[in-house]
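Just below is one structure, and these are the notes that go with it.
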Amino acid sequence: AGAVVTFVHGLGSKPREPWGSQTSNHTFVTRLAADLPGMAVAEFSYDASIDRFAGDDDYSVEAVGAAFAEVVRSELLAEFATLAVVGHCIGGPIAITGLRMLCADGSLAKVRPLILFLLDAPLGLPEEGPSDLLAGLIAILNYPASAGRQNFTFLEQTALRTASGRASMSVYAIVSEAESWVTKLCPDGGLPDSRICRVDLSHTEIAQFESGGHFAPYDYVFSRLRKELAAAIRLSG
């Protein structure tokens with residue numbers, strides 16, 4: 001019963017493309033695998049092109065989230081007792097959707113700890129519309145207000161407090177301080193400041209690991225993940 005971290009990439013990219021710059025010898029994924037050799041690393045792949053979302057009414061954040069849930073259920077949960085997910089851009093809502101479905105059917109009942117990192121993820125919805133362009137993009141992604149509210153409720157119930165008074169999922173947000181289409185869509189998820197890391201990087205750069213020296217988003221994920229794993233080992237011991 002080991003641990004696994006799975007990466008969910010963002011809009012308009014393929015699995016490995018957003019996780020490392022062209023000048024980097026490592027990606028976010030390969031560096032984490034090297035720094036935490038006892039933890040398995042996986043990547044969830046899906047068609048993240050605007051054309052696919054725009055051209056298929058049945059292709060949506062909810063549908064991709066369901067596919068992510070099935071991969072986790074069928075390929076990861078039988079082998080791993082600890083699950084961490086890193087979602088960038090719309091990979092965040094996709095990850096939340098999948099985890100919400102897995103919690104609803106009891107699949108995550110024995111997973112400890114359950115950890116989620118949201119990298120500049122559009123978690124809110126422009127119901128009144130900060131702009132027609134932004135509202136149009138959300139419509140293309142087939143991410144209706146009802147799905148967004150379900151995900152926010154799920155975060156509130158699992159990441160902040162449960163009936164027993166303890167959070168059942170540890171959630172952290174890394175937020176870009178640069179203005180982008182995500183800025184008005186609540187990328188901090190309403191989390192407390194202690195769970196938010198704000199960085200002076202663009203929406204795209206926030207997931208593009210840079211070799212040499214420190215890369216703030218990676219350092220934050222690595223340090224929090226190591227702390228969560230160490231706490232889990234102490235509790236199980």
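Quick note on naming: the chains in the structure tokens go A, B, ... in the order shown, residues restart at 1 in each chain, and ligands are numbered from 1 in order of appearance.
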
So which residues touch region 135-139 of chain A within 12 Å, counting only C-alpha atoms, skipping near sequence neighbours fewer than 6 positions away, as an MDAnalysis selection string? chainID A and resid 11 50:51 53:55 57 59:61 90 93 122:129 145 147:148 181:182 184:185

What would the file look like if the residues just selected were written as a PDB file, in the first residue's frame with N, CA and C atoms?
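result-v4.pdb, written as the output of this step:
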ATOM      1  N   LEU A  11      -5.453  23.249 -20.156  1.00  0.00           N
ATOM      2  CA  LEU A  11      -6.074  23.510 -21.451  1.00  0.00           C
ATOM      3  C   LEU A  11      -5.023  23.734 -22.543  1.00  0.00           C
ATOM      4  N   ILE A  50      -9.052  23.176 -27.475  1.00  0.00           N
ATOM      5  CA  ILE A  50     -10.291  23.955 -27.535  1.00  0.00           C
ATOM      6  C   ILE A  50     -11.220  23.371 -28.588  1.00  0.00           C
ATOM      7  N   ASP A  51     -10.648  22.929 -29.720  1.00  0.00           N
ATOM      8  CA  ASP A  51     -11.459  22.385 -30.812  1.00  0.00           C
ATOM      9  C   ASP A  51     -12.263  21.173 -30.361  1.00  0.00           C
ATOM     10  N   PHE A  53     -13.329  20.452 -27.265  1.00  0.00           N
ATOM     11  CA  PHE A  53     -14.424  20.896 -26.403  1.00  0.00           C
ATOM     12  C   PHE A  53     -15.516  21.590 -27.209  1.00  0.00           C
ATOM     13  N   ALA A  54     -15.082  22.439 -28.165  1.00  0.00           N
ATOM     14  CA  ALA A  54     -16.048  23.218 -28.943  1.00  0.00           C
ATOM     15  C   ALA A  54     -16.827  22.357 -29.928  1.00  0.00           C
ATOM     16  N   GLY A  55     -16.210  21.266 -30.389  1.00  0.00           N
ATOM     17  CA  GLY A  55     -16.831  20.471 -31.435  1.00  0.00           C
ATOM     18  C   GLY A  55     -17.608  19.266 -30.974  1.00  0.00           C
ATOM     19  N   ASP A  57     -20.454  18.252 -28.068  1.00  0.00           N
ATOM     20  CA  ASP A  57     -21.336  18.656 -26.957  1.00  0.00           C
ATOM     21  C   ASP A  57     -21.245  17.711 -25.764  1.00  0.00           C
ATOM     22  N   TYR A  59     -18.440  16.312 -24.785  1.00  0.00           N
ATOM     23  CA  TYR A  59     -17.089  16.399 -24.206  1.00  0.00           C
ATOM     24  C   TYR A  59     -17.057  17.617 -23.288  1.00  0.00           C
ATOM     25  N   SER A  60     -16.845  17.388 -22.012  1.00  0.00           N
ATOM     26  CA  SER A  60     -16.957  18.458 -21.033  1.00  0.00           C
ATOM     27  C   SER A  60     -15.996  18.213 -19.874  1.00  0.00           C
ATOM     28  N   VAL A  61     -15.859  19.219 -19.019  1.00  0.00           N
ATOM     29  CA  VAL A  61     -15.066  19.052 -17.801  1.00  0.00           C
ATOM     30  C   VAL A  61     -15.616  17.899 -16.979  1.00  0.00           C
ATOM     31  N   ILE A  90      -7.367  23.961 -16.239  1.00  0.00           N
ATOM     32  CA  ILE A  90      -8.620  23.204 -16.105  1.00  0.00           C
ATOM     33  C   ILE A  90      -8.373  21.783 -15.603  1.00  0.00           C
ATOM     34  N   PRO A  93     -10.215  21.772 -12.083  1.00  0.00           N
ATOM     35  CA  PRO A  93     -11.622  21.363 -12.047  1.00  0.00           C
ATOM     36  C   PRO A  93     -11.850  19.920 -12.460  1.00  0.00           C
ATOM     37  N   PRO A 122      -8.953  27.486 -12.672  1.00  0.00           N
ATOM     38  CA  PRO A 122     -10.192  28.278 -12.692  1.00  0.00           C
ATOM     39  C   PRO A 122     -11.297  27.563 -11.926  1.00  0.00           C
ATOM     40  N   LEU A 123     -11.467  27.922 -10.666  1.00  0.00           N
ATOM     41  CA  LEU A 123     -12.386  27.190  -9.801  1.00  0.00           C
ATOM     42  C   LEU A 123     -13.760  27.838  -9.703  1.00  0.00           C
ATOM     43  N   GLY A 124     -13.861  29.115 -10.049  1.00  0.00           N
ATOM     44  CA  GLY A 124     -15.134  29.807 -10.004  1.00  0.00           C
ATOM     45  C   GLY A 124     -15.766  29.886 -11.376  1.00  0.00           C
ATOM     46  N   LEU A 125     -16.935  30.493 -11.432  1.00  0.00           N
ATOM     47  CA  LEU A 125     -17.665  30.642 -12.689  1.00  0.00           C
ATOM     48  C   LEU A 125     -18.159  32.074 -12.840  1.00  0.00           C
ATOM     49  N   PRO A 126     -18.016  32.643 -14.033  1.00  0.00           N
ATOM     50  CA  PRO A 126     -18.480  34.015 -14.253  1.00  0.00           C
ATOM     51  C   PRO A 126     -19.990  34.049 -14.496  1.00  0.00           C
ATOM     52  N   GLU A 127     -20.770  33.766 -13.459  1.00  0.00           N
ATOM     53  CA  GLU A 127     -22.215  33.665 -13.636  1.00  0.00           C
ATOM     54  C   GLU A 127     -22.819  34.995 -14.091  1.00  0.00           C
ATOM     55  N   GLU A 128     -22.227  36.095 -13.638  1.00  0.00           N
ATOM     56  CA  GLU A 128     -22.677  37.387 -14.119  1.00  0.00           C
ATOM     57  C   GLU A 128     -21.762  37.888 -15.233  1.00  0.00           C
ATOM     58  N   GLY A 129     -20.629  37.191 -15.408  1.00  0.00           N
ATOM     59  CA  GLY A 129     -19.773  37.453 -16.541  1.00  0.00           C
ATOM     60  C   GLY A 129     -18.894  38.678 -16.422  1.00  0.00           C
ATOM     61  N   ALA A 145     -22.707  26.226 -14.451  1.00  0.00           N
ATOM     62  CA  ALA A 145     -22.694  26.716 -13.074  1.00  0.00           C
ATOM     63  C   ALA A 145     -23.040  25.619 -12.074  1.00  0.00           C
ATOM     64  N   ALA A 147     -22.272  22.439 -12.173  1.00  0.00           N
ATOM     65  CA  ALA A 147     -21.081  21.613 -11.930  1.00  0.00           C
ATOM     66  C   ALA A 147     -20.075  22.376 -11.079  1.00  0.00           C
ATOM     67  N   GLY A 148     -19.927  23.664 -11.360  1.00  0.00           N
ATOM     68  CA  GLY A 148     -19.012  24.471 -10.566  1.00  0.00           C
ATOM     69  C   GLY A 148     -19.430  24.543  -9.113  1.00  0.00           C
ATOM     70  N   TRP A 181      -6.860  35.076 -17.801  1.00  0.00           N
ATOM     71  CA  TRP A 181      -8.286  34.729 -17.822  1.00  0.00           C
ATOM     72  C   TRP A 181      -8.720  33.982 -16.561  1.00  0.00           C
ATOM     73  N   VAL A 182      -7.756  33.411 -15.855  1.00  0.00           N
ATOM     74  CA  VAL A 182      -8.073  32.651 -14.646  1.00  0.00           C
ATOM     75  C   VAL A 182      -8.283  33.568 -13.441  1.00  0.00           C
ATOM     76  N   LYS A 184     -10.071  36.046 -12.540  1.00  0.00           N
ATOM     77  CA  LYS A 184     -11.422  36.337 -12.036  1.00  0.00           C
ATOM     78  C   LYS A 184     -12.234  35.076 -11.720  1.00  0.00           C
ATOM     79  N   LEU A 185     -11.572  33.927 -11.788  1.00  0.00           N
ATOM     80  CA  LEU A 185     -12.281  32.671 -11.573  1.00  0.00           C
ATOM     81  C   LEU A 185     -11.819  31.952 -10.310  1.00  0.00           C
TER      82      LEU A 185
END

Backbone-only DSSP, strand (DSSP E or B) members of chain A, as a PyMOL selection string: chain A and resi 2-8+20+39-44+80-88+114-119+170-176+196-199+209

Just the helix (DSSP H, G or I) stuff from region 17-107 of chain A, please, per backbone DSSP, written as number ranges by chain. A: 17-19, 28-35, 50-55, 61-76, 91-104

Set the distance at 10 Å and use only C-alpha atoms: which residues neighbour region 223-226 of chain A once local chain neighbours fewer than 3 positions away are removed? I'd like the list as number ranges by chain. A: 5, 32, 35-36, 84, 115-117, 170, 172, 195, 218-220, 229-232

Selection above as a file: N, CA, C and O atoms, as a PDB file, in the first residue's frame:
ATOM      1  N   VAL A   5       1.366  10.021  -6.886  1.00  0.00           N
ATOM      2  CA  VAL A   5       0.934  11.365  -7.255  1.00  0.00           C
ATOM      3  C   VAL A   5       0.664  11.358  -8.754  1.00  0.00           C
ATOM      4  O   VAL A   5       1.465  10.851  -9.540  1.00  0.00           O
ATOM      5  N   LEU A  32       9.983  15.420  -9.377  1.00  0.00           N
ATOM      6  CA  LEU A  32       9.299  14.897  -8.201  1.00  0.00           C
ATOM      7  C   LEU A  32       9.576  13.406  -8.036  1.00  0.00           C
ATOM      8  O   LEU A  32       9.776  12.912  -6.925  1.00  0.00           O
ATOM      9  N   ASP A  35      13.028  13.179  -6.534  1.00  0.00           N
ATOM     10  CA  ASP A  35      13.150  13.661  -5.159  1.00  0.00           C
ATOM     11  C   ASP A  35      12.363  12.829  -4.154  1.00  0.00           C
ATOM     12  O   ASP A  35      12.663  12.835  -2.958  1.00  0.00           O
ATOM     13  N   LEU A  36      11.326  12.120  -4.633  1.00  0.00           N
ATOM     14  CA  LEU A  36      10.532  11.254  -3.762  1.00  0.00           C
ATOM     15  C   LEU A  36      10.510   9.843  -4.354  1.00  0.00           C
ATOM     16  O   LEU A  36       9.493   9.381  -4.872  1.00  0.00           O
ATOM     17  N   ALA A  84      -2.115  11.608  -4.200  1.00  0.00           N
ATOM     18  CA  ALA A  84      -1.957  13.051  -4.366  1.00  0.00           C
ATOM     19  C   ALA A  84      -2.223  13.385  -5.827  1.00  0.00           C
ATOM     20  O   ALA A  84      -1.885  12.603  -6.722  1.00  0.00           O
ATOM     21  N   ILE A 115      -4.509  14.211  -1.058  1.00  0.00           N
ATOM     22  CA  ILE A 115      -3.889  15.535  -1.179  1.00  0.00           C
ATOM     23  C   ILE A 115      -4.135  16.088  -2.581  1.00  0.00           C
ATOM     24  O   ILE A 115      -4.000  15.361  -3.574  1.00  0.00           O
ATOM     25  N   LEU A 116      -4.488  17.358  -2.667  1.00  0.00           N
ATOM     26  CA  LEU A 116      -4.754  17.995  -3.953  1.00  0.00           C
ATOM     27  C   LEU A 116      -4.017  19.323  -4.048  1.00  0.00           C
ATOM     28  O   LEU A 116      -4.122  20.166  -3.164  1.00  0.00           O
ATOM     29  N   PHE A 117      -3.265  19.493  -5.147  1.00  0.00           N
ATOM     30  CA  PHE A 117      -2.581  20.748  -5.431  1.00  0.00           C
ATOM     31  C   PHE A 117      -3.213  21.368  -6.674  1.00  0.00           C
ATOM     32  O   PHE A 117      -3.290  20.724  -7.727  1.00  0.00           O
ATOM     33  N   SER A 170      -6.446  17.224   2.032  1.00  0.00           N
ATOM     34  CA  SER A 170      -5.574  18.391   2.153  1.00  0.00           C
ATOM     35  C   SER A 170      -5.481  19.064   0.791  1.00  0.00           C
ATOM     36  O   SER A 170      -5.077  18.426  -0.182  1.00  0.00           O
ATOM     37  N   TYR A 172      -4.161  22.482  -1.481  1.00  0.00           N
ATOM     38  CA  TYR A 172      -3.279  23.639  -1.557  1.00  0.00           C
ATOM     39  C   TYR A 172      -3.448  24.292  -2.921  1.00  0.00           C
ATOM     40  O   TYR A 172      -3.680  23.602  -3.918  1.00  0.00           O
ATOM     41  N   ARG A 195      -2.831  27.930   3.091  1.00  0.00           N
ATOM     42  CA  ARG A 195      -2.876  26.889   2.071  1.00  0.00           C
ATOM     43  C   ARG A 195      -2.667  27.458   0.660  1.00  0.00           C
ATOM     44  O   ARG A 195      -2.880  26.750  -0.319  1.00  0.00           O
ATOM     45  N   TYR A 218       7.298  24.326  -7.649  1.00  0.00           N
ATOM     46  CA  TYR A 218       7.763  22.964  -7.356  1.00  0.00           C
ATOM     47  C   TYR A 218       8.165  22.844  -5.887  1.00  0.00           C
ATOM     48  O   TYR A 218       7.817  21.859  -5.219  1.00  0.00           O
ATOM     49  N   ASP A 219       8.917  23.819  -5.393  1.00  0.00           N
ATOM     50  CA  ASP A 219       9.368  23.770  -3.999  1.00  0.00           C
ATOM     51  C   ASP A 219       8.173  23.669  -3.047  1.00  0.00           C
ATOM     52  O   ASP A 219       8.222  22.958  -2.042  1.00  0.00           O
ATOM     53  N   TYR A 220       7.098  24.398  -3.371  1.00  0.00           N
ATOM     54  CA  TYR A 220       5.910  24.383  -2.521  1.00  0.00           C
ATOM     55  C   TYR A 220       5.248  23.004  -2.542  1.00  0.00           C
ATOM     56  O   TYR A 220       4.918  22.447  -1.488  1.00  0.00           O
ATOM     57  N   LEU A 229       3.209  13.314   3.797  1.00  0.00           N
ATOM     58  CA  LEU A 229       3.612  11.905   3.840  1.00  0.00           C
ATOM     59  C   LEU A 229       4.246  11.542   5.166  1.00  0.00           C
ATOM     60  O   LEU A 229       3.995  10.470   5.712  1.00  0.00           O
ATOM     61  N   ALA A 230       5.072  12.435   5.688  1.00  0.00           N
ATOM     62  CA  ALA A 230       5.714  12.172   6.972  1.00  0.00           C
ATOM     63  C   ALA A 230       4.679  12.084   8.085  1.00  0.00           C
ATOM     64  O   ALA A 230       4.763  11.216   8.969  1.00  0.00           O
ATOM     65  N   ALA A 231       3.669  12.954   8.037  1.00  0.00           N
ATOM     66  CA  ALA A 231       2.607  12.925   9.051  1.00  0.00           C
ATOM     67  C   ALA A 231       1.808  11.625   8.963  1.00  0.00           C
ATOM     68  O   ALA A 231       1.439  11.043   9.984  1.00  0.00           O
ATOM     69  N   ALA A 232       1.562  11.163   7.722  1.00  0.00           N
ATOM     70  CA  ALA A 232       0.820   9.919   7.538  1.00  0.00           C
ATOM     71  C   ALA A 232       1.590   8.728   8.099  1.00  0.00           C
ATOM     72  O   ALA A 232       1.005   7.821   8.702  1.00  0.00           O
TER      73      ALA A 232
END

12 Å contact set for Leu191 (chain A), only C-alpha atoms, chain neighbours under 2 positions out, as a PDB file with C-alpha atoms, in the first residue's frame:
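As written to disk, part.pdb reads:
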ATOM      1  CA  PHE A 117      -2.581  20.748  -5.431  1.00  0.00           C
ATOM      2  CA  LEU A 118      -4.309  23.316  -7.656  1.00  0.00           C
ATOM      3  CA  LEU A 123     -12.386  27.190  -9.801  1.00  0.00           C
ATOM      4  CA  PHE A 152     -17.057  24.209  -4.667  1.00  0.00           C
ATOM      5  CA  LEU A 155     -14.069  21.468  -1.601  1.00  0.00           C
ATOM      6  CA  GLU A 156     -15.816  23.099   1.345  1.00  0.00           C
ATOM      7  CA  THR A 158     -13.705  17.834   2.285  1.00  0.00           C
ATOM      8  CA  ALA A 159     -10.872  20.353   2.288  1.00  0.00           C
ATOM      9  CA  LEU A 160     -12.011  22.693   5.028  1.00  0.00           C
ATOM     10  CA  ARG A 161     -13.991  20.646   7.552  1.00  0.00           C
ATOM     11  CA  SER A 170      -5.574  18.391   2.153  1.00  0.00           C
ATOM     12  CA  VAL A 171      -5.865  21.053  -0.562  1.00  0.00           C
ATOM     13  CA  TYR A 172      -3.279  23.639  -1.557  1.00  0.00           C
ATOM     14  CA  ALA A 173      -3.447  26.340  -4.227  1.00  0.00           C
ATOM     15  CA  ILE A 174      -0.586  27.930  -6.133  1.00  0.00           C
ATOM     16  CA  VAL A 175      -1.819  31.164  -7.677  1.00  0.00           C
ATOM     17  CA  CYS A 186     -11.256  32.201  -7.926  1.00  0.00           C
ATOM     18  CA  PRO A 187      -7.971  30.285  -8.392  1.00  0.00           C
ATOM     19  CA  ASP A 188      -7.398  30.320  -4.611  1.00  0.00           C
ATOM     20  CA  GLY A 189     -10.521  28.193  -4.098  1.00  0.00           C
ATOM     21  CA  ASP A 193      -3.917  31.916   3.372  1.00  0.00           C
ATOM     22  CA  SER A 194      -1.894  29.145   4.988  1.00  0.00           C
ATOM     23  CA  ARG A 195      -2.876  26.889   2.071  1.00  0.00           C
ATOM     24  CA  ILE A 196      -2.133  29.384  -0.708  1.00  0.00           C
ATOM     25  CA  CYS A 197       1.193  30.128  -2.398  1.00  0.00           C
TER      26      CYS A 197
END

Have a look at A:Phe7, A:Phe154, A:Phe28, A:Phe222 and name the one nearest to Val72 (chain A); count only C-alpha atoms.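 The answer is A:Phe7, which sits nearest to Val72 (chain A).
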
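Note that the spacing between CA of Tyr143 (chain A) and CA of His88 (chain A) amounts to 16.2 Å.
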
Distance criterion (only C-alpha atoms): nearest to Leu83 (chain A) out of A:Thr97, A:Thr183, A:Val41, A:Gln150: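 Of A:Thr97, A:Thr183, A:Val41, A:Gln150, the one nearest Leu83 (chain A), counting only C-alpha atoms, is A:Val41.
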